[in-house]
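The file target_7.pdb contains PDB, C-alpha atoms:
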```
ATOM      1  CA  MET T   1       8.938 -12.573  10.975
ATOM      2  CA  ALA T   2       6.943 -11.390  13.991
ATOM      3  CA  LEU T   3       5.916  -7.769  14.276
ATOM      4  CA  CYS T   4       8.344  -5.626  16.250
ATOM      5  CA  ASP T   5       9.278  -1.979  16.755
ATOM      6  CA  ASP T   6      12.225  -2.408  14.398
ATOM      7  CA  PHE T   7       9.989  -2.172  11.335
ATOM      8  CA  LEU T   8       6.808  -0.638  12.823
ATOM      9  CA  PRO T   9       7.806   2.343  14.983
ATOM     10  CA  HIS T  10       5.281   4.323  17.023
ATOM     11  CA  GLY T  11       2.733   6.220  14.955
ATOM     12  CA  SER T  12      -0.503   5.772  13.043
ATOM     13  CA  TYR T  13      -0.622   3.757   9.829
ATOM     14  CA  ILE T  14      -2.687   3.455   6.675
ATOM     15  CA  LEU T  15      -3.387  -0.211   5.839
ATOM     16  CA  MET T  16      -3.900  -0.838   2.098
ATOM     17  CA  ASN T  17      -4.995  -4.267   0.927
ATOM     18  CA  VAL T  18      -2.353  -5.769  -1.368
ATOM     19  CA  LYS T  19      -4.880  -7.233  -3.810
ATOM     20  CA  GLY T  20      -7.832  -4.837  -3.648
ATOM     21  CA  GLY T  21      -5.831  -1.623  -3.328
ATOM     22  CA  ILE T  22      -8.336  -0.059  -0.921
ATOM     23  CA  ALA T  23      -7.793   1.007   2.696
ATOM     24  CA  LEU T  24      -8.985  -0.505   5.961
ATOM     25  CA  ASP T  25     -11.718   1.921   7.015
ATOM     26  CA  LEU T  26     -13.826   2.390  10.174
ATOM     27  CA  ALA T  27     -17.165   2.973   8.454
ATOM     28  CA  GLY T  28     -20.938   2.920   8.960
ATOM     29  CA  LYS T  29     -21.157   5.514  11.732
ATOM     30  CA  ARG T  30     -18.110   3.872  13.273
ATOM     31  CA  THR T  31     -19.844   0.490  13.565
ATOM     32  CA  ARG T  32     -18.246  -1.550  10.723
ATOM     33  CA  LEU T  33     -14.879  -2.320   9.153
ATOM     34  CA  GLU T  34     -14.838  -1.997   5.367
ATOM     35  CA  GLY T  35     -12.452  -1.353   2.496
ATOM     36  CA  HIS T  36     -12.711   2.144   0.992
ATOM     37  CA  LEU T  37     -10.792   4.372  -1.385
ATOM     38  CA  LEU T  38      -7.807   6.035   0.234
ATOM     39  CA  HIS T  39      -8.457   9.448   1.804
ATOM     40  CA  GLY T  40      -6.265   9.392   4.920
ATOM     41  CA  GLU T  41      -8.849  10.670   7.412
ATOM     42  CA  ALA T  42      -8.728   9.483  11.030
ATOM     43  CA  ASN T  43     -11.013   6.515  10.325
ATOM     44  CA  GLN T  44      -8.333   5.081   7.994
ATOM     45  CA  ARG T  45      -5.450   5.514  10.435
ATOM     46  CA  TRP T  46      -4.497   2.735  12.851
ATOM     47  CA  MET T  47      -2.105   2.478  15.807
ATOM     48  CA  PHE T  48      -0.343  -0.753  16.845
ATOM     49  CA  MET T  49       0.143  -1.083  20.618
ATOM     50  CA  ASN T  50       2.222  -3.795  22.251
ATOM     51  CA  THR T  51       0.165  -5.683  24.865
ATOM     52  CA  GLY T  52       3.005  -7.953  25.921
ATOM     53  CA  ARG T  53       1.388 -10.915  24.112
ATOM     54  CA  GLY T  54       0.577  -9.353  20.775
ATOM     55  CA  TRP T  55      -0.669  -6.092  19.318
ATOM     56  CA  ALA T  56      -3.886  -4.159  19.938
ATOM     57  CA  ILE T  57      -4.871  -2.281  16.772
ATOM     58  CA  ARG T  58      -6.610   0.996  17.634
ATOM     59  CA  SER T  59      -8.402   3.402  15.327
ATOM     60  CA  SER T  60      -7.421   7.071  15.334
ATOM     61  CA  GLN T  61     -11.159   7.774  15.045
ATOM     62  CA  MET T  62     -13.042   7.794  18.342
ATOM     63  CA  SER T  63     -16.446   6.157  18.805
ATOM     64  CA  HIS T  64     -19.482   7.848  20.330
ATOM     65  CA  PRO T  65     -19.380   8.461  23.197
ATOM     66  CA  GLU T  66     -15.728   9.418  22.804
ATOM     67  CA  ARG T  67     -14.015   6.073  23.381
ATOM     68  CA  SER T  68     -11.098   4.380  21.664
ATOM     69  CA  VAL T  69     -12.044   1.465  19.409
ATOM     70  CA  TYR T  70      -9.975  -1.564  18.433
ATOM     71  CA  LEU T  71     -10.126  -4.308  15.805
ATOM     72  CA  SER T  72     -11.970  -7.348  17.161
ATOM     73  CA  VAL T  73     -14.374 -10.175  16.256
ATOM     74  CA  LYS T  74     -17.431 -11.584  18.014
ATOM     75  CA  ARG T  75     -16.823 -15.225  17.072
ATOM     76  CA  LEU T  76     -13.884 -17.238  15.826
ATOM     77  CA  GLN T  77     -15.161 -18.690  12.564
ATOM     78  CA  GLU T  78     -14.754 -18.524   8.785
ATOM     79  CA  ASN T  79     -15.906 -15.260   7.157
ATOM     80  CA  GLU T  80     -16.651 -13.646  10.531
ATOM     81  CA  PRO T  81     -16.842  -9.828  10.171
ATOM     82  CA  VAL T  82     -14.086  -7.857  11.846
ATOM     83  CA  VAL T  83     -15.796  -5.309  14.098
ATOM     84  CA  PRO T  84     -14.833  -2.274  16.193
ATOM     85  CA  SER T  85     -14.804  -2.802  19.959
ATOM     86  CA  THR T  86     -13.933  -0.653  22.971
ATOM     87  CA  VAL T  87     -12.118  -3.671  24.459
ATOM     88  CA  PRO T  88      -8.532  -4.069  23.200
ATOM     89  CA  ILE T  89      -7.701  -7.461  21.694
ATOM     90  CA  SER T  90      -4.208  -8.804  21.072
ATOM     91  CA  TRP T  91      -3.416  -9.862  17.496
ATOM     92  CA  PHE T  92      -0.318 -11.592  16.156
ATOM     93  CA  VAL T  93       1.147  -9.572  13.280
ATOM     94  CA  TYR T  94       3.784 -10.790  10.833
ATOM     95  CA  LEU T  95       5.832  -9.146   8.106
ATOM     96  CA  VAL T  96       5.429 -11.079   4.827
ATOM     97  CA  ASN T  97       7.209  -9.771   1.731
ATOM     98  CA  GLY T  98       6.963  -6.173   2.857
ATOM     99  CA  ALA T  99       3.306  -6.352   3.956
ATOM    100  CA  LEU T 100       1.502  -7.204   7.198
ATOM    101  CA  ARG T 101      -0.524 -10.337   7.875
ATOM    102  CA  ILE T 102      -2.749 -10.067  10.963
ATOM    103  CA  HIS T 103      -3.608 -13.313  12.818
ATOM    104  CA  TRP T 104      -5.997 -14.180  15.604
ATOM    105  CA  PRO T 105      -3.536 -15.460  18.258
ATOM    106  CA  HIS T 106      -2.481 -19.113  18.091
ATOM    107  CA  THR T 107      -4.726 -19.847  15.092
ATOM    108  CA  ASP T 108      -4.628 -19.805  11.283
ATOM    109  CA  TYR T 109      -7.395 -17.187  11.133
ATOM    110  CA  VAL T 110      -6.308 -13.914   9.509
ATOM    111  CA  ILE T 111      -7.864 -10.582   8.530
ATOM    112  CA  GLU T 112      -8.673 -10.264   4.832
ATOM    113  CA  LEU T 113     -10.538  -8.025   2.410
ATOM    114  CA  GLY T 114     -13.742  -9.906   1.544
ATOM    115  CA  GLY T 115     -14.711 -11.132  -1.879
ATOM    116  CA  CYS T 116     -11.177 -12.447  -2.440
ATOM    117  CA  GLY T 117      -9.898  -8.877  -2.392
ATOM    118  CA  ASP T 118     -12.881  -7.137  -4.044
ATOM    119  CA  SER T 119     -11.835  -3.531  -4.714
ATOM    120  CA  THR T 120     -15.427  -2.227  -4.570
ATOM    121  CA  PRO T 121     -15.707   0.462  -1.845
ATOM    122  CA  GLY T 122     -17.692  -0.913   1.084
ATOM    123  CA  THR T 123     -16.329  -4.469   0.836
ATOM    124  CA  ARG T 124     -16.416  -6.152   4.233
ATOM    125  CA  ILE T 125     -13.282  -6.789   6.285
ATOM    126  CA  GLN T 126     -13.464 -10.322   7.665
ATOM    127  CA  LEU T 127     -11.668 -13.124   9.441
ATOM    128  CA  THR T 128     -10.879 -16.218   7.411
ATOM    129  CA  LEU T 129      -8.486 -19.150   7.340
ATOM    130  CA  LEU T 130      -4.970 -18.508   6.109
ATOM    131  CA  LYS T 131      -4.186 -19.206   2.479
ATOM    132  CA  GLU T 132      -0.463 -18.986   1.810
ATOM    133  CA  ARG T 133       0.564 -16.293  -0.704
ATOM    134  CA  GLU T 134      -3.016 -14.935  -0.854
ATOM    135  CA  PRO T 135      -2.668 -11.146  -1.450
ATOM    136  CA  CYS T 136      -6.143 -10.284  -0.111
ATOM    137  CA  GLN T 137      -4.841 -11.381   3.324
ATOM    138  CA  LEU T 138      -1.893  -8.991   3.226
ATOM    139  CA  TRP T 139      -1.822  -5.264   4.008
ATOM    140  CA  TYR T 140       0.682  -2.646   2.897
ATOM    141  CA  PHE T 141       1.451  -0.276   5.777
ATOM    142  CA  THR T 142       2.602   3.334   5.522
ATOM    143  CA  ARG T 143       3.004   5.641   8.485
ATOM    144  CA  TYR T 144       0.676   8.630   8.293
ATOM    145  CA  GLY T 145       2.627  11.837   7.778
ATOM    146  CA  ASP T 146       5.308  10.319   5.564
ATOM    147  CA  PHE T 147       5.886  12.781   2.728
ATOM    148  CA  SER T 148       5.278  10.227  -0.024
ATOM    149  CA  LEU T 149       1.831   9.469   1.341
ATOM    150  CA  ARG T 150       0.896  12.960   2.488
ATOM    151  CA  ARG T 151       0.815  14.196  -1.110
ATOM    152  CA  LEU T 152      -2.132  11.876  -1.773
ATOM    153  CA  PHE T 153      -4.256  13.360   1.005
ATOM    154  CA  THR T 154      -6.764  16.114   0.200
ATOM    155  CA  PRO T 155      -9.040  15.781   3.212
ATOM    156  CA  ASN T 156     -12.197  17.877   3.426
ATOM    157  CA  PRO T 157     -13.600  18.779   6.853
ATOM    158  CA  VAL T 158     -16.791  16.891   7.677
ATOM    159  CA  GLU T 159     -19.225  17.051  10.561
ATOM    160  CA  PRO T 160     -18.865  14.153  12.978
ATOM    161  CA  VAL T 161     -21.557  11.491  12.731
ATOM    162  CA  ILE T 162     -23.176  10.701  16.071
ATOM    163  CA  ALA T 163     -24.177   7.056  16.381
ATOM    164  CA  PRO T 164     -27.203   6.121  18.531
ATOM    165  CA  GLU T 165     -26.585   4.568  21.911
ATOM    166  CA  ALA T 166     -26.351   0.798  21.525
ATOM    167  CA  THR T 167     -28.026  -1.596  23.908
ATOM    168  CA  ARG T 168     -25.201  -3.167  25.864
ATOM    169  CA  GLU T 169     -24.266  -4.502  29.264
ATOM    170  CA  LEU T 170     -22.844  -1.915  31.621
ATOM    171  CA  PRO T 171     -19.235  -2.558  32.643
ATOM    172  CA  VAL T 172     -18.547  -3.844  36.133
ATOM    173  CA  TYR T 173     -15.608  -2.189  37.870
ATOM    174  CA  ARG T 174     -13.747  -3.557  40.861
ATOM    175  CA  VAL T 175     -11.526  -2.290  43.638
ATOM    176  CA  LEU T 176      -8.250  -4.204  44.034
ATOM    177  CA  VAL T 177      -7.395  -4.397  47.742
ATOM    178  CA  HIS T 178      -4.062  -5.708  49.000
ATOM    179  CA  THR T 179      -4.533  -8.792  51.184
ATOM    180  CA  HIS T 180      -1.570  -8.050  53.442
ATOM    181  CA  GLU T 181      -2.375  -4.365  54.005
ATOM    182  CA  ASP T 182      -5.733  -2.588  54.009
ATOM    183  CA  VAL T 183      -4.868  -0.460  50.971
ATOM    184  CA  ALA T 184      -6.196  -0.347  47.410
ATOM    185  CA  LEU T 185      -4.684   0.204  43.977
ATOM    186  CA  GLU T 186      -5.313   3.852  43.087
ATOM    187  CA  LEU T 187      -4.797   6.106  40.049
ATOM    188  CA  ASP T 188      -3.346   9.491  41.014
ATOM    189  CA  SER T 189      -6.059  12.056  40.216
ATOM    190  CA  THR T 190      -3.646  14.888  39.434
ATOM    191  CA  SER T 191      -1.152  13.276  37.058
ATOM    192  CA  ARG T 192      -3.434  10.467  35.786
ATOM    193  CA  LYS T 193      -0.198   8.491  35.375
ATOM    194  CA  ARG T 194       1.163   7.549  38.784
ATOM    195  CA  ILE T 195      -0.234   4.439  40.489
ATOM    196  CA  LYS T 196      -0.168   4.364  44.276
ATOM    197  CA  HIS T 197      -1.623   2.354  47.168
ATOM    198  CA  ARG T 198      -3.970   4.246  49.442
ATOM    199  CA  PRO T 199      -6.543   3.453  52.171
ATOM    200  CA  LEU T 200      -9.702   1.894  50.771
ATOM    201  CA  HIS T 201     -12.489   4.337  49.783
ATOM    202  CA  LYS T 202     -13.981   2.809  46.559
ATOM    203  CA  GLN T 203     -14.114   6.128  44.697
ATOM    204  CA  PRO T 204     -13.507   6.231  40.892
ATOM    205  CA  SER T 205      -9.733   6.566  41.298
ATOM    206  CA  GLN T 206      -9.701   3.082  42.902
ATOM    207  CA  GLN T 207     -11.950   1.411  40.326
ATOM    208  CA  TRP T 208     -10.608  -0.990  37.668
ATOM    209  CA  ARG T 209     -11.811  -3.672  35.327
ATOM    210  CA  VAL T 210      -9.892  -6.736  34.134
ATOM    211  CA  LEU T 211     -10.484  -7.522  30.447
ATOM    212  CA  PRO T 212      -9.233 -10.438  28.321
ATOM    213  CA  SER T 213      -6.613  -9.320  25.813
ATOM    214  CA  GLY T 214      -7.731 -11.861  23.218
ATOM    215  CA  ASP T 215      -4.789 -14.257  23.318
ATOM    216  CA  GLY T 216      -6.388 -16.493  25.938
ATOM    217  CA  GLN T 217      -3.442 -16.011  28.297
ATOM    218  CA  THR T 218      -3.326 -12.394  29.454
ATOM    219  CA  ASP T 219      -5.631  -9.577  30.560
ATOM    220  CA  VAL T 220      -5.509  -5.812  30.343
ATOM    221  CA  ILE T 221      -6.405  -3.776  33.432
ATOM    222  CA  GLN T 222      -8.342  -0.598  32.628
ATOM    223  CA  ALA T 223      -8.910   2.337  34.987
ATOM    224  CA  PHE T 224     -12.357   3.817  35.493
ATOM    225  CA  ARG T 225     -10.927   7.283  34.994
ATOM    226  CA  ASP T 226      -9.512   8.420  31.667
ATOM    227  CA  SER T 227      -6.398  10.485  31.001
ATOM    228  CA  LEU T 228      -6.425  14.279  31.146
ATOM    229  CA  ASP T 229      -7.024  14.278  27.367
ATOM    230  CA  ASP T 230      -9.878  11.738  27.675
ATOM    231  CA  GLN T 231      -8.022   8.602  26.573
ATOM    232  CA  PRO T 232      -8.629   5.229  28.312
ATOM    233  CA  LEU T 233      -5.883   4.315  30.763
ATOM    234  CA  TYR T 234      -4.354   0.892  31.466
ATOM    235  CA  LEU T 235      -1.816  -0.512  33.908
ATOM    236  CA  THR T 236       1.731  -0.816  32.577
ATOM    237  CA  VAL T 237       5.269  -0.260  33.899
ATOM    238  CA  GLN T 238       8.032   2.225  33.363
ATOM    239  CA  ALA T 239      10.577   0.339  31.269
ATOM    240  CA  PRO T 240      12.464  -1.829  31.800
ATOM    241  CA  ALA T 241      10.378  -4.414  33.671
ATOM    242  CA  GLN T 242      12.578  -5.349  36.636
ATOM    243  CA  PRO T 243      12.281  -5.465  40.426
ATOM    244  CA  GLY T 244      11.463  -1.966  41.672
ATOM    245  CA  SER T 245      10.064  -0.699  38.354
ATOM    246  CA  ARG T 246       7.069   1.529  39.004
ATOM    247  CA  VAL T 247       3.616   0.507  37.880
ATOM    248  CA  VAL T 248       2.022   3.422  36.000
ATOM    249  CA  ALA T 249      -1.016   4.220  33.854
ATOM    250  CA  SER T 250      -0.790   4.624  30.084
ATOM    251  CA  PRO T 251      -3.176   4.886  27.090
ATOM    252  CA  TYR T 252      -1.396   1.829  25.639
ATOM    253  CA  PRO T 253      -2.830  -1.472  26.939
ATOM    254  CA  VAL T 254      -0.439  -4.177  28.130
ATOM    255  CA  GLY T 255      -1.310  -7.818  28.686
ATOM    256  CA  TRP T 256      -0.761  -8.997  32.284
ATOM    257  CA  LYS T 257      -0.805 -12.614  33.477
ATOM    258  CA  VAL T 258      -3.558 -12.577  36.115
ATOM    259  CA  GLU T 259      -3.337 -15.657  38.342
ATOM    260  CA  ARG T 260      -6.380 -16.337  40.505
ATOM    261  CA  CYS T 261      -5.950 -18.247  43.776
ATOM    262  CA  PRO T 262      -7.759 -18.627  47.133
ATOM    263  CA  ILE T 263      -6.599 -17.384  50.506
ATOM    264  CA  SER T 264      -6.327 -20.527  52.572
ATOM    265  CA  LYS T 265      -7.463 -19.091  55.906
ATOM    266  CA  ASP T 266     -10.834 -17.682  54.812
ATOM    267  CA  GLY T 267     -11.349 -19.006  51.270
ATOM    268  CA  LYS T 268     -11.884 -15.594  49.678
ATOM    269  CA  PRO T 269     -10.691 -15.515  46.046
ATOM    270  CA  THR T 270      -7.571 -13.493  45.388
ATOM    271  CA  LEU T 271      -5.279 -12.821  42.477
ATOM    272  CA  ARG T 272      -1.686 -12.081  41.621
ATOM    273  CA  ILE T 273      -0.767  -9.839  38.689
ATOM    274  CA  PHE T 274       2.378 -10.940  36.837
ATOM    275  CA  TRP T 275       4.341  -9.103  34.181
ATOM    276  CA  PRO T 276       4.093 -11.597  31.280
ATOM    277  CA  GLY T 277       6.906 -14.088  30.950
ATOM    278  CA  THR T 278       8.483 -13.168  34.285
ATOM    279  CA  ASN T 279       8.250 -13.892  38.012
ATOM    280  CA  LEU T 280       7.548 -10.206  38.726
ATOM    281  CA  VAL T 281       4.235  -9.230  40.343
ATOM    282  CA  VAL T 282       2.427  -5.990  41.152
ATOM    283  CA  SER T 283       3.323  -5.174  44.742
ATOM    284  CA  THR T 284       3.211  -2.446  47.388
ATOM    285  CA  THR T 285       6.746  -3.293  48.488
ATOM    286  CA  ASP T 286       8.828  -0.243  47.558
ATOM    287  CA  CYS T 287      12.382   0.051  48.812
ATOM    288  CA  ASP T 288      12.026   3.780  49.587
ATOM    289  CA  GLY T 289       8.956   3.270  51.799
ATOM    290  CA  SER T 290       6.680   5.410  49.603
ATOM    291  CA  ASP T 291       3.143   4.657  48.439
ATOM    292  CA  ASN T 292       4.315   3.737  44.928
ATOM    293  CA  VAL T 293       3.144   0.475  43.387
ATOM    294  CA  VAL T 294       6.043  -1.472  41.884
ATOM    295  CA  LEU T 295       7.109  -4.790  40.407
ATOM    296  CA  ALA T 296       8.616  -7.236  42.899
ATOM    297  CA  GLU T 297       9.818 -10.829  42.844
ATOM    298  CA  HIS T 298       6.956 -13.219  43.516
ATOM    299  CA  ASP T 299       6.900 -15.099  46.813
ATOM    300  CA  ASP T 300       4.611 -17.866  48.067
ATOM    301  CA  GLY T 301       2.900 -15.739  50.704
ATOM    302  CA  THR T 302       0.035 -13.242  50.569
ATOM    303  CA  VAL T 303       2.261 -10.173  50.228
ATOM    304  CA  SER T 304       1.716 -10.065  46.457
ATOM    305  CA  GLN T 305      -1.983 -10.998  46.483
ATOM    306  CA  TRP T 306      -4.993  -8.756  45.815
ATOM    307  CA  ARG T 307      -8.674  -9.355  46.430
ATOM    308  CA  GLU T 308     -11.484  -7.903  44.325
ATOM    309  CA  ILE T 309     -14.463  -5.909  45.561
ATOM    310  CA  ALA T 310     -17.093  -5.812  42.815
ATOM    311  CA  LEU T 311     -19.053  -2.581  42.443
ATOM    312  CA  PRO T 312     -22.505  -2.063  40.869
ATOM    313  CA  ALA T 313     -22.462  -1.775  37.067
ATOM    314  CA  SER T 314     -22.372   1.854  35.986
ATOM    315  CA  THR T 315     -21.597   4.245  33.163
ATOM    316  CA  LYS T 316     -19.012   7.004  33.261
ATOM    317  CA  LYS T 317     -20.299  10.488  33.893
TER
END
```

Since I need it in another form, could you write the structure as structure tokens?
Amino acid sequence: MALCDDFLPHGSYILMNVKGGIALDLAGKRTRLEGHLLHGEANQRWMFMNTGRGWAIRSSQMSHPERSVYLSVKRLQENEPVVPSTVPISWFVYLVNGALRIHWPHTDYVIELGGCGDSTPGTRIQLTLLKEREPCQLWYFTRYGDFSLRRLFTPNPVEPVIAPEATRELPVYRVLVHTHEDVALELDSTSRKRIKHRPLHKQPSQQWRVLPSGDGQTDVIQAFRDSLDDQPLYLTVQAPAQPGSRVVASPYPVGWKVERCPISKDGKPTLRIFWPGTNLVVSTTDCDGSDNVVLAEHDDGTVSQWREIALPASTKK
């Protein structure tokens, strides 16, 4: 049975390995995923966020600098360590006999507690091929704050550990400019929720990056600016997804179907942004004539196309 809100409502969850009996833990100065004895601190609490093509699994513990981190892997291979990443990845999650099994999309690779479910604290969390009825590949899930679990928590305050800056490529952000009108996709600076189309100026409120969601089919679109409480923001829509629904920003990443295509008259590359599984695209066509960005039925013209202006790689200040 595929994961759905019916049995996993919004909230943060403790994931306990069925065989090893230890919890999925963001460890090693927030650089590794390991199994550790249950304590219920933020580094053992995980949120499941629907991307439209699967589920991004985000830690309640922030990285340094203060960024959200998600379960990911660097390579798709046997015994590959599961690692924290600031880029959200979509996983397929299934309910199996009251526990969760977490799959890399469209494969038989699943997350397991290493050592065939070794209960030693510090055991690596890894990706491996599915073995039916293998308990080290299953995870009990309990929502944090449930009374039955809360009684087990006796957390002691600790000083945050500051990890050294890692050597990494700087992210490249882009401005998305409408091909039919000289306006760009912009995050409202006051609400940090509303998305509007405004004249091109290339300032941070108009900067975005398109990131693969991990399922090989969709991408998440992240804003340069964070929310007012310093959470990353991503494009989504106000439910339900239908013609006229407003495109908004949210801390919960959603997978979009980004279709790249050329403009025939000048050959410049452009793209259309589809709500997954529909014919609805991100558009400036709003029935009330405002500067809202909305979903609209796709047509064959350039009205629903956007071109990208790449900006120099930079860090947030």

Hits of the PyMOL selection byres ((chain T and resi 309) around 12) in this structure, as a PyMOL selection string: chain T and resi 172-179+184-185+200-202+206-209+268-271+306-308+310-312

Looking at T:Ser205, T:Ser12, T:Gln77, T:Gln305, which one is nearest to Met49 (chain T), with distances taken over only C-alpha atoms? T:Ser12

Give as a count of residues only the residues that the PyMOL selection byres ((chain T and resi 85) around 6) matches when applied to the coordinates above. 5

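For the pair CA of Trp91 (chain T) and CA of Trp55 (chain T), the interatomic distance is 5.0 Å.
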
Atom pair CA of Ile221 (chain T) + CA of Asp299 (chain T), distance 22.0 Å

Name all residues at most 9 Å from region 193-198 of chain T (count all atoms listed in the file; drop same-chain ones fewer than 3 positions away) and give them as a PyMOL selection string. chain T and resi 177-178+182-190+201+206+227+233+235+246-250+284+290-294

Distance in Å - CA of Leu26 (chain T) versus CA of Leu113 (chain T):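 For CA of Leu26 (chain T) relative to CA of Leu113 (chain T), the distance reads 13.4 Å.
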
For the file shown, what are the residues hit by the PyMOL selection byres ((chain T and resi 134) around 10), laid out as a ChimeraX atom specification? /T:18-19,112,116-117,130-133,135-138

Nearest to Pro240 (chain T) among T:Leu24, T:Leu127, T:Leu280, T:Ile111, with distances taken over only C-alpha atoms: which residue is it?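 Checking each candidate against Pro240 (chain T), we get T:Leu280 as the closest.
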